[in-house]
>>> print(open('data.csv').read())   # CSV, C-alpha atoms
chain,number,residue,atom,x,y,z
A,1,MET,CA,100.0,112.8,95.5
A,2,PHE,CA,99.7,112.2,91.8
A,3,VAL,CA,101.5,108.9,92.2
A,4,THR,CA,98.8,107.9,94.8
A,5,MET,CA,96.0,109.0,92.6
A,6,ILE,CA,97.2,107.3,89.4
A,7,SER,CA,98.0,104.1,91.2
A,8,ALA,CA,94.6,104.1,92.9
A,9,LEU,CA,93.1,104.3,89.5
A,10,VAL,CA,95.3,101.4,88.3
A,11,THR,CA,94.2,99.5,91.4
A,12,ILE,CA,90.5,99.7,90.6
A,13,LEU,CA,90.5,99.7,86.8
A,14,SER,CA,93.1,97.1,85.9
A,15,GLY,CA,91.8,94.0,84.3
A,16,SER,CA,93.9,91.4,86.1
A,17,ILE,CA,93.8,91.0,89.9
A,18,ILE,CA,97.6,90.8,90.3
A,19,TYR,CA,98.0,94.2,88.6
A,20,ALA,CA,95.4,95.5,91.1
A,21,MET,CA,97.6,94.2,93.9
A,22,ILE,CA,100.7,95.9,92.5
A,23,GLY,CA,98.7,99.1,92.2
A,24,LEU,CA,97.7,98.8,95.8
A,25,VAL,CA,101.4,98.5,96.8
A,26,ALA,CA,102.1,101.7,94.8
A,27,THR,CA,99.2,103.5,96.5
A,28,MET,CA,100.5,102.5,99.9
A,29,PHE,CA,103.9,103.9,99.0
A,30,GLY,CA,102.3,107.2,97.9
A,31,ILE,CA,100.4,107.5,101.1
A,32,ALA,CA,103.5,106.8,103.1
A,33,GLY,CA,105.2,109.7,101.3
A,34,LEU,CA,102.2,111.9,102.2
A,35,TYR,CA,102.6,110.9,105.8
A,36,VAL,CA,106.2,112.1,105.6
A,37,TYR,CA,104.9,115.5,104.3
A,38,LEU,CA,102.5,115.6,107.3
A,39,ASN,CA,105.5,115.2,109.7
A,40,ALA,CA,104.4,111.7,110.7
A,41,SER,CA,107.4,109.6,109.8
A,42,PHE,CA,106.6,106.9,112.3
A,43,LEU,CA,103.3,106.4,110.6
A,44,ALA,CA,105.0,106.3,107.2
A,45,MET,CA,107.3,103.5,108.4
A,46,MET,CA,104.3,101.6,109.9
A,47,GLN,CA,102.4,102.1,106.6
A,48,ILE,CA,105.2,100.5,104.6
A,49,LEU,CA,105.8,97.7,107.1
A,50,ILE,CA,102.1,96.7,107.5
A,51,TYR,CA,100.6,97.3,104.1
A,52,VAL,CA,103.5,96.8,101.7
A,53,GLY,CA,105.1,94.1,103.9
A,54,ALA,CA,102.2,92.2,105.3
A,55,ILE,CA,98.8,92.8,103.8
A,56,SER,CA,100.0,92.7,100.1
A,57,ILE,CA,101.9,89.5,100.7
A,58,LEU,CA,98.7,88.0,102.3
A,59,ILE,CA,96.7,89.1,99.3
A,60,ALA,CA,99.3,87.6,96.9
A,61,PHE,CA,99.1,84.3,98.7
A,62,ALA,CA,95.3,84.4,98.5
A,63,ILE,CA,95.5,85.1,94.8
A,64,MET,CA,97.9,82.2,94.3
A,65,LEU,CA,95.9,79.8,96.5
A,66,ALA,CA,92.5,80.7,94.9
A,67,GLY,CA,93.2,78.8,91.8
A,68,PRO,CA,94.4,79.4,88.3
A,69,LEU,CA,93.4,82.8,87.2
A,70,TYR,CA,94.0,82.1,83.5
A,71,LYS,CA,90.7,80.2,83.4
A,72,ASN,CA,88.8,83.3,84.0
A,73,PRO,CA,91.0,86.3,83.2
A,74,ARG,CA,88.3,88.8,82.7
A,75,GLU,CA,87.9,91.0,85.7
A,76,TRP,CA,85.5,93.5,84.0
A,77,SER,CA,81.9,93.3,84.7
A,78,THR,CA,79.2,94.1,82.3
A,79,GLY,CA,79.0,97.7,81.0
A,80,ILE,CA,75.7,98.5,82.7
A,81,LYS,CA,77.1,97.5,86.1
A,82,PHE,CA,80.2,99.6,85.5
A,83,ALA,CA,78.1,102.6,84.5
A,84,VAL,CA,75.9,102.3,87.6
A,85,SER,CA,78.8,102.0,90.0
A,86,PHE,CA,80.5,104.9,88.3
A,87,VAL,CA,77.4,107.0,88.8
A,88,VAL,CA,77.2,106.1,92.5
A,89,SER,CA,80.8,106.8,93.0
A,90,LEU,CA,80.6,110.2,91.2
A,91,PHE,CA,77.5,111.1,93.1
A,92,SER,CA,79.1,110.5,96.5
A,93,PHE,CA,82.2,112.3,95.3
A,94,ALA,CA,80.2,115.4,94.4
A,95,VAL,CA,78.2,115.4,97.7
A,96,LEU,CA,81.2,115.0,99.9
A,97,PHE,CA,83.2,117.5,97.9
A,98,LYS,CA,80.6,120.1,98.5
A,99,VAL,CA,80.6,119.3,102.2
A,100,ILE,CA,84.4,119.7,102.3
A,101,MET,CA,84.3,123.0,100.6
A,102,ARG,CA,81.5,124.4,102.7
A,103,ALA,CA,82.5,123.3,106.2
A,104,PRO,CA,84.2,125.9,108.4
A,105,TRP,CA,87.5,124.3,109.3
A,106,MET,CA,89.3,125.9,112.1
A,107,ASN,CA,92.6,126.7,110.4
A,108,THR,CA,93.8,125.2,107.2
A,109,LYS,CA,97.3,126.6,107.2
A,110,ALA,CA,100.2,124.8,108.5
A,111,GLN,CA,101.6,125.8,111.9
A,112,GLU,CA,104.2,124.6,114.3
A,113,PHE,CA,103.9,120.8,114.8
A,114,THR,CA,105.7,119.2,117.6
A,115,VAL,CA,104.3,115.7,118.0
A,116,THR,CA,107.0,113.0,118.0
A,117,THR,CA,106.9,109.3,118.2
A,118,LYS,CA,107.4,109.6,122.0
A,119,ASP,CA,104.1,111.5,122.2
A,120,ILE,CA,102.3,108.8,120.2
A,121,GLY,CA,103.5,106.2,122.6
A,122,ARG,CA,102.5,108.3,125.6
A,123,VAL,CA,99.0,108.8,124.2
A,124,LEU,CA,98.6,105.1,123.4
A,125,LEU,CA,99.6,104.0,126.9
A,126,ASP,CA,98.1,106.8,128.9
A,127,LYS,CA,94.8,108.1,127.4
A,128,LEU,CA,93.9,105.3,124.9
A,129,THR,CA,94.9,102.3,126.9
A,130,LEU,CA,91.6,100.5,126.7
A,131,PRO,CA,91.3,100.7,122.8
A,132,PHE,CA,95.0,99.7,122.5
A,133,GLU,CA,94.4,96.5,124.5
A,134,LEU,CA,91.1,95.9,122.7
A,135,ILE,CA,93.0,96.1,119.3
A,136,SER,CA,95.4,93.4,120.5
A,137,LEU,CA,92.5,91.2,121.6
A,138,LEU,CA,90.8,91.7,118.3
A,139,ILE,CA,93.9,90.6,116.4
A,140,VAL,CA,94.3,87.5,118.6
A,141,VAL,CA,90.7,86.6,118.0
A,142,SER,CA,91.0,87.1,114.3
A,143,ILE,CA,94.1,84.9,114.1
A,144,ILE,CA,92.4,82.2,116.1
A,145,GLY,CA,89.4,82.5,113.8
A,146,ALA,CA,91.5,82.2,110.7
A,147,ILE,CA,93.1,79.0,112.1
A,148,MET,CA,89.7,77.6,113.0
A,149,LEU,CA,88.5,78.3,109.5
A,150,ALA,CA,91.5,76.4,108.1
A,151,PHE,CA,90.8,73.4,110.4
A,152,LEU,CA,87.1,73.5,109.6
A,153,SER,CA,87.9,73.1,105.9
A,154,LYS,CA,90.2,70.2,106.6
A,155,GLY,CA,87.6,68.4,108.6
A,156,GLU,CA,85.1,68.7,105.8
A,157,LYS,CA,87.1,66.7,103.3
B,1,MET,CA,111.2,123.2,96.4
B,2,THR,CA,108.1,124.4,94.7
B,3,GLY,CA,106.2,121.2,95.3
B,4,THR,CA,106.1,121.5,99.1
B,5,LEU,CA,103.8,124.6,99.0
B,6,ILE,CA,100.7,122.8,98.0
B,7,TYR,CA,101.2,120.2,100.7
B,8,ASN,CA,100.7,122.8,103.4
B,9,ASN,CA,97.0,122.9,102.9
B,10,LEU,CA,94.3,120.8,104.5
B,11,TYR,CA,92.1,120.7,101.4
B,12,ILE,CA,94.7,118.7,99.4
B,13,TYR,CA,94.6,115.8,101.9
B,14,LEU,CA,90.8,115.9,102.3
B,15,PHE,CA,90.5,115.8,98.5
B,16,LEU,CA,92.9,112.9,98.3
B,17,GLY,CA,91.0,111.0,101.0
B,18,LEU,CA,87.7,111.6,99.2
B,19,PHE,CA,89.3,110.4,96.0
B,20,LEU,CA,90.5,107.2,97.6
B,21,LEU,CA,87.0,106.7,99.1
B,22,CYS,CA,85.3,107.0,95.8
B,23,CYS,CA,87.8,104.7,94.1
B,24,GLY,CA,87.1,102.2,96.8
B,25,ILE,CA,83.4,102.5,96.3
B,26,LEU,CA,83.7,102.1,92.6
B,27,GLY,CA,86.0,99.0,92.9
B,28,LEU,CA,83.8,97.5,95.6
B,29,LEU,CA,80.7,97.8,93.4
B,30,TYR,CA,82.0,96.5,90.1
B,31,ARG,CA,84.8,94.0,90.9
B,32,ARG,CA,83.7,90.5,90.2
B,33,THR,CA,86.1,88.5,92.5
B,34,LEU,CA,86.1,88.7,96.3
B,35,ILE,CA,89.8,89.6,96.4
B,36,GLY,CA,89.2,92.6,94.2
B,37,MET,CA,86.5,93.8,96.7
B,38,LEU,CA,89.0,93.3,99.6
B,39,ILE,CA,91.6,95.4,97.8
B,40,SER,CA,89.1,98.2,97.3
B,41,MET,CA,88.2,98.0,101.0
B,42,GLU,CA,91.9,98.6,101.9
B,43,LEU,CA,91.8,101.8,99.7
B,44,ILE,CA,88.8,103.1,101.7
B,45,MET,CA,90.5,102.4,105.0
B,46,ASN,CA,93.6,104.2,103.9
B,47,GLY,CA,91.6,107.2,102.8
B,48,ALA,CA,90.1,107.4,106.3
B,49,GLY,CA,93.6,107.1,107.9
B,50,LEU,CA,95.0,109.9,105.7
B,51,ASN,CA,92.1,112.1,106.8
B,52,PHE,CA,92.8,111.4,110.4
B,53,VAL,CA,96.4,112.4,110.1
B,54,ALA,CA,95.7,115.5,108.1
B,55,PHE,CA,93.2,116.7,110.7
B,56,ASN,CA,95.6,116.0,113.5
B,57,ARG,CA,98.3,118.0,111.6
B,58,PHE,CA,96.3,121.0,110.8
B,59,THR,CA,93.5,121.5,113.4
B,60,SER,CA,95.1,120.3,116.6
B,61,PRO,CA,98.9,120.2,116.2
B,62,GLU,CA,99.7,119.8,119.9
B,63,ASN,CA,98.4,116.2,120.6
B,64,ALA,CA,98.7,112.9,118.9
B,65,GLY,CA,95.1,111.6,118.9
B,66,GLY,CA,94.6,111.3,115.2
B,67,MET,CA,97.9,109.5,114.6
B,68,SER,CA,97.0,106.8,117.2
B,69,PHE,CA,93.6,106.4,115.6
B,70,THR,CA,95.4,105.8,112.3
B,71,LEU,CA,97.4,103.1,114.0
B,72,PHE,CA,94.1,101.5,115.3
B,73,ILE,CA,92.8,101.6,111.7
B,74,MET,CA,95.8,99.8,110.5
B,75,GLY,CA,95.3,97.1,113.1
B,76,ILE,CA,91.7,96.7,112.3
B,77,ALA,CA,92.5,96.5,108.6
B,78,ALA,CA,95.1,93.7,109.2
B,79,ALA,CA,92.6,91.7,111.3
B,80,GLU,CA,89.9,92.2,108.7
B,81,ALA,CA,92.2,91.1,105.8
B,82,ALA,CA,93.3,87.9,107.7
B,83,ILE,CA,89.7,86.9,108.4
B,84,ALA,CA,88.4,87.8,104.9
B,85,LEU,CA,91.2,85.8,103.2
B,86,GLY,CA,90.5,82.8,105.3
B,87,ILE,CA,86.8,83.0,104.3
B,88,ILE,CA,87.8,83.5,100.6
B,89,ILE,CA,89.9,80.4,100.6
B,90,LEU,CA,87.2,78.4,102.3
B,91,ILE,CA,84.7,79.6,99.6
B,92,PHE,CA,87.2,78.6,96.9
B,93,LYS,CA,87.5,75.1,98.4
B,94,ARG,CA,83.7,74.8,98.5
B,95,PHE,CA,82.5,76.4,95.3
B,96,GLY,CA,85.6,76.3,93.1
B,97,HIS,CA,85.5,80.0,92.3
B,98,ILE,CA,85.6,83.3,94.1
B,99,GLU,CA,83.1,85.4,92.2
B,100,GLY,CA,80.8,87.4,94.4
B,101,GLN,CA,77.7,87.2,92.3
B,102,GLU,CA,77.7,83.4,91.9
B,103,ILE,CA,77.6,82.5,95.6
B,104,LYS,CA,73.9,81.9,96.2
B,105,GLU,CA,73.7,79.1,98.7
B,106,MET,CA,72.8,81.3,101.6
B,107,LYS,CA,70.1,83.1,99.7
B,108,ASP,CA,68.1,80.0,98.8
>>> encode(input="data.csv", output="structure tokens")
Amino acid sequence: MFVTMISALVTILSGSIIYAMIGLVATMFGIAGLYVYLNASFLAMMQILIYVGAISILIAFAIMLAGPLYKNPREWSTGIKFAVSFVVSLFSFAVLFKVIMRAPWMNTKAQEFTVTTKDIGRVLLDKLTLPFELISLLIVVSIIGAIMLAFLSKGEK
Amino acid sequence: MTGTLIYNNLYIYLFLGLFLLCCGILGLLYRRTLIGMLISMELIMNGAGLNFVAFNRFTSPENAGGMSFTLFIMGIAAAEAAIALGIIILIFKRFGHIEGQEIKEMKD
């Protein structure tokens, strides 16, 4: 948990964008460990595969393709902008923290937990079939859109 | 194991999800480049997914609804990252930089 918190802070506060990406990877590992604590080992594996394996590599390629960063190494904004965004973030933190502490959750203690990977697959293909298919359609559309954007930029030259 | 005791509580996970959300808001507001904003967006989505799994674990431990919704969140985040990176590279080819404040062509 503390690994996750510290690396999330590294992610948003580091001066260089490549350090931010490395902090994102560490955060994803921490969240995968928390999924293991929550008895969701399948989700932990998915987290590592998708985020650490795919999305961070995608972001690294974008950083490398988007030009030399040494020309403009400063990631920090002006001080007043940082102060304003810090106040906004702190305000939302306070409000939502109060909501969490006040809300009557049903039971906050751990009990017997019997969901396995088989149950996840059963739910995905039985009760949530339509969202599952829609997600696949969304991913196909987004891939076609990304390829179209690449072709569009080639035609512009 | 002394560390496992505090992980048996719903509030720990809610607090961590809230922390990730606020880190994401902070990064989204003050980062200068578009890639930094995208990384902060991933933090927000992961906080939401962590909350889903924690609610599934503690309030309804007999079905797997929350876990499947976390899988949906991962799929949506992957699609969003692919599209956003395509747009970022297009912006870089057109303007020569990826700073969010300096892109003003649509405003004029």
>>> residues_around(input="data.csv", residues="A:Phe97", least_positions_apart="4", cutoff="8 Å", atoms="only C-alpha atoms", output="list in words")
Phe93 and Met101 of chain A; Phe15 and Leu18 of chain B
>>> residues_around(input="data.csv", residues="stretch 21-29 of chain A", least_positions_apart="5", cutoff="6 Å", atoms="only C-alpha atoms", output="list in words")
Thr4, Ser7, Ala8, Val10, Thr11 and Val52 of chain A
>>> atom_distance(input="data.csv", atom1="atom CA of A:Leu9", atom2="atom CA of B:Phe92")
27.4 Å
>>> atom_distance(input="data.csv", atom1="atom CA of A:Ile18", atom2="atom CA of B:Ala84")
17.5 Å
>>> residues_around(input="data.csv", residues="A:Ile55", least_positions_apart="6", cutoff="10 Å", atoms="all atoms listed in the file", output="PDB file with C-alpha atoms, in the coordinates of the input")
ATOM      1  CA  VAL A  25     101.400  98.500  96.800  1.00  0.00           C
ATOM      2  CA  LEU A  49     105.800  97.700 107.100  1.00  0.00           C
ATOM      3  CA  PHE A  61      99.100  84.300  98.700  1.00  0.00           C
TER       4      PHE A  61
ATOM      5  CA  ILE B  39      91.600  95.400  97.800  1.00  0.00           C
ATOM      6  CA  GLU B  42      91.900  98.600 101.900  1.00  0.00           C
ATOM      7  CA  ALA B  77      92.500  96.500 108.600  1.00  0.00           C
ATOM      8  CA  ALA B  78      95.100  93.700 109.200  1.00  0.00           C
ATOM      9  CA  ALA B  79      92.600  91.700 111.300  1.00  0.00           C
ATOM     10  CA  ALA B  81      92.200  91.100 105.800  1.00  0.00           C
ATOM     11  CA  ALA B  82      93.300  87.900 107.700  1.00  0.00           C
TER      12      ALA B  82
END
>>> closest_residue(input="data.csv", among="A:Leu138, A:Leu152, A:Arg102, A:Thr116", to="B:Ala64", atoms="only C-alpha atoms")
A:Thr116
>>> atom_distance(input="data.csv", atom1="atom CA of A:Ser16", atom2="atom CA of A:Ile50")
23.5 Å
>>> closest_residue(input="data.csv", among="A:Leu130, A:Leu125, A:Ala146, A:Ala103", to="chain B", atoms="all atoms listed in the file")
A:Ala146
>>> residues_near_point(input="data.csv", point="(91.7, 108.9, 97.0)", cutoff="10 Å", atoms="only C-alpha atoms", output="PyMOL selection string")
(chain A and resi 1+4-9+27+31) or (chain B and resi 13-24+43-44+46-48+50)
>>> write_last_selection(input="data.csv", atoms="C-alpha atoms", output="compact mmCIF listing (two decimals), in the frame of the given file")
# COMPACT_ATOMS: atom_id res chain seq x y z
CA MET A 1 100.00 112.80 95.50
CA THR A 4 98.80 107.90 94.80
CA MET A 5 96.00 109.00 92.60
CA ILE A 6 97.20 107.30 89.40
CA SER A 7 98.00 104.10 91.20
CA ALA A 8 94.60 104.10 92.90
CA LEU A 9 93.10 104.30 89.50
CA THR A 27 99.20 103.50 96.50
CA ILE A 31 100.40 107.50 101.10
CA TYR B 13 94.60 115.80 101.90
CA LEU B 14 90.80 115.90 102.30
CA PHE B 15 90.50 115.80 98.50
CA LEU B 16 92.90 112.90 98.30
CA GLY B 17 91.00 111.00 101.00
CA LEU B 18 87.70 111.60 99.20
CA PHE B 19 89.30 110.40 96.00
CA LEU B 20 90.50 107.20 97.60
CA LEU B 21 87.00 106.70 99.10
CA CYS B 22 85.30 107.00 95.80
CA CYS B 23 87.80 104.70 94.10
CA GLY B 24 87.10 102.20 96.80
CA LEU B 43 91.80 101.80 99.70
CA ILE B 44 88.80 103.10 101.70
CA ASN B 46 93.60 104.20 103.90
CA GLY B 47 91.60 107.20 102.80
CA ALA B 48 90.10 107.40 106.30
CA LEU B 50 95.00 109.90 105.70
>>> residues_near_point(input="data.csv", point="(92.0, 93.4, 91.8)", cutoff="6 Å", atoms="only C-alpha atoms", output="PyMOL selection string")
(chain A and resi 17+20) or (chain B and resi 36)
>>> write_last_selection(input="data.csv", atoms="C-alpha atoms", output="JSON list (two decimals), keeping the file's coordinate frame")
[["chain", "number", "residue", "atom", "x", "y", "z"],
["A", 17, "ILE", "CA", 93.80, 91.00, 89.90],
["A", 20, "ALA", "CA", 95.40, 95.50, 91.10],
["B", 36, "GLY", "CA", 89.20, 92.60, 94.20]]
>>> closest_residue(input="data.csv", among="A:Ile120, A:Ile80, A:Val95, A:Val36", to="chain B", atoms="all atoms listed in the file")
A:Ile120
>>> residues_around(input="data.csv", residues="B:Leu26", least_positions_apart="6", cutoff="7 Å", atoms="all atoms listed in the file", output="list in words")
Ser85, Phe86 and Ser89 of chain A
>>> closest_residue(input="data.csv", among="B:Arg94, B:Pro61, B:Phe69, B:Gly49", to="chain A", atoms="all atoms listed in the file")
B:Pro61
>>> closest_residue(input="data.csv", among="A:Val99, A:Ala32, A:Leu128, A:Ile139", to="chain B", atoms="all atoms listed in the file")
A:Ile139
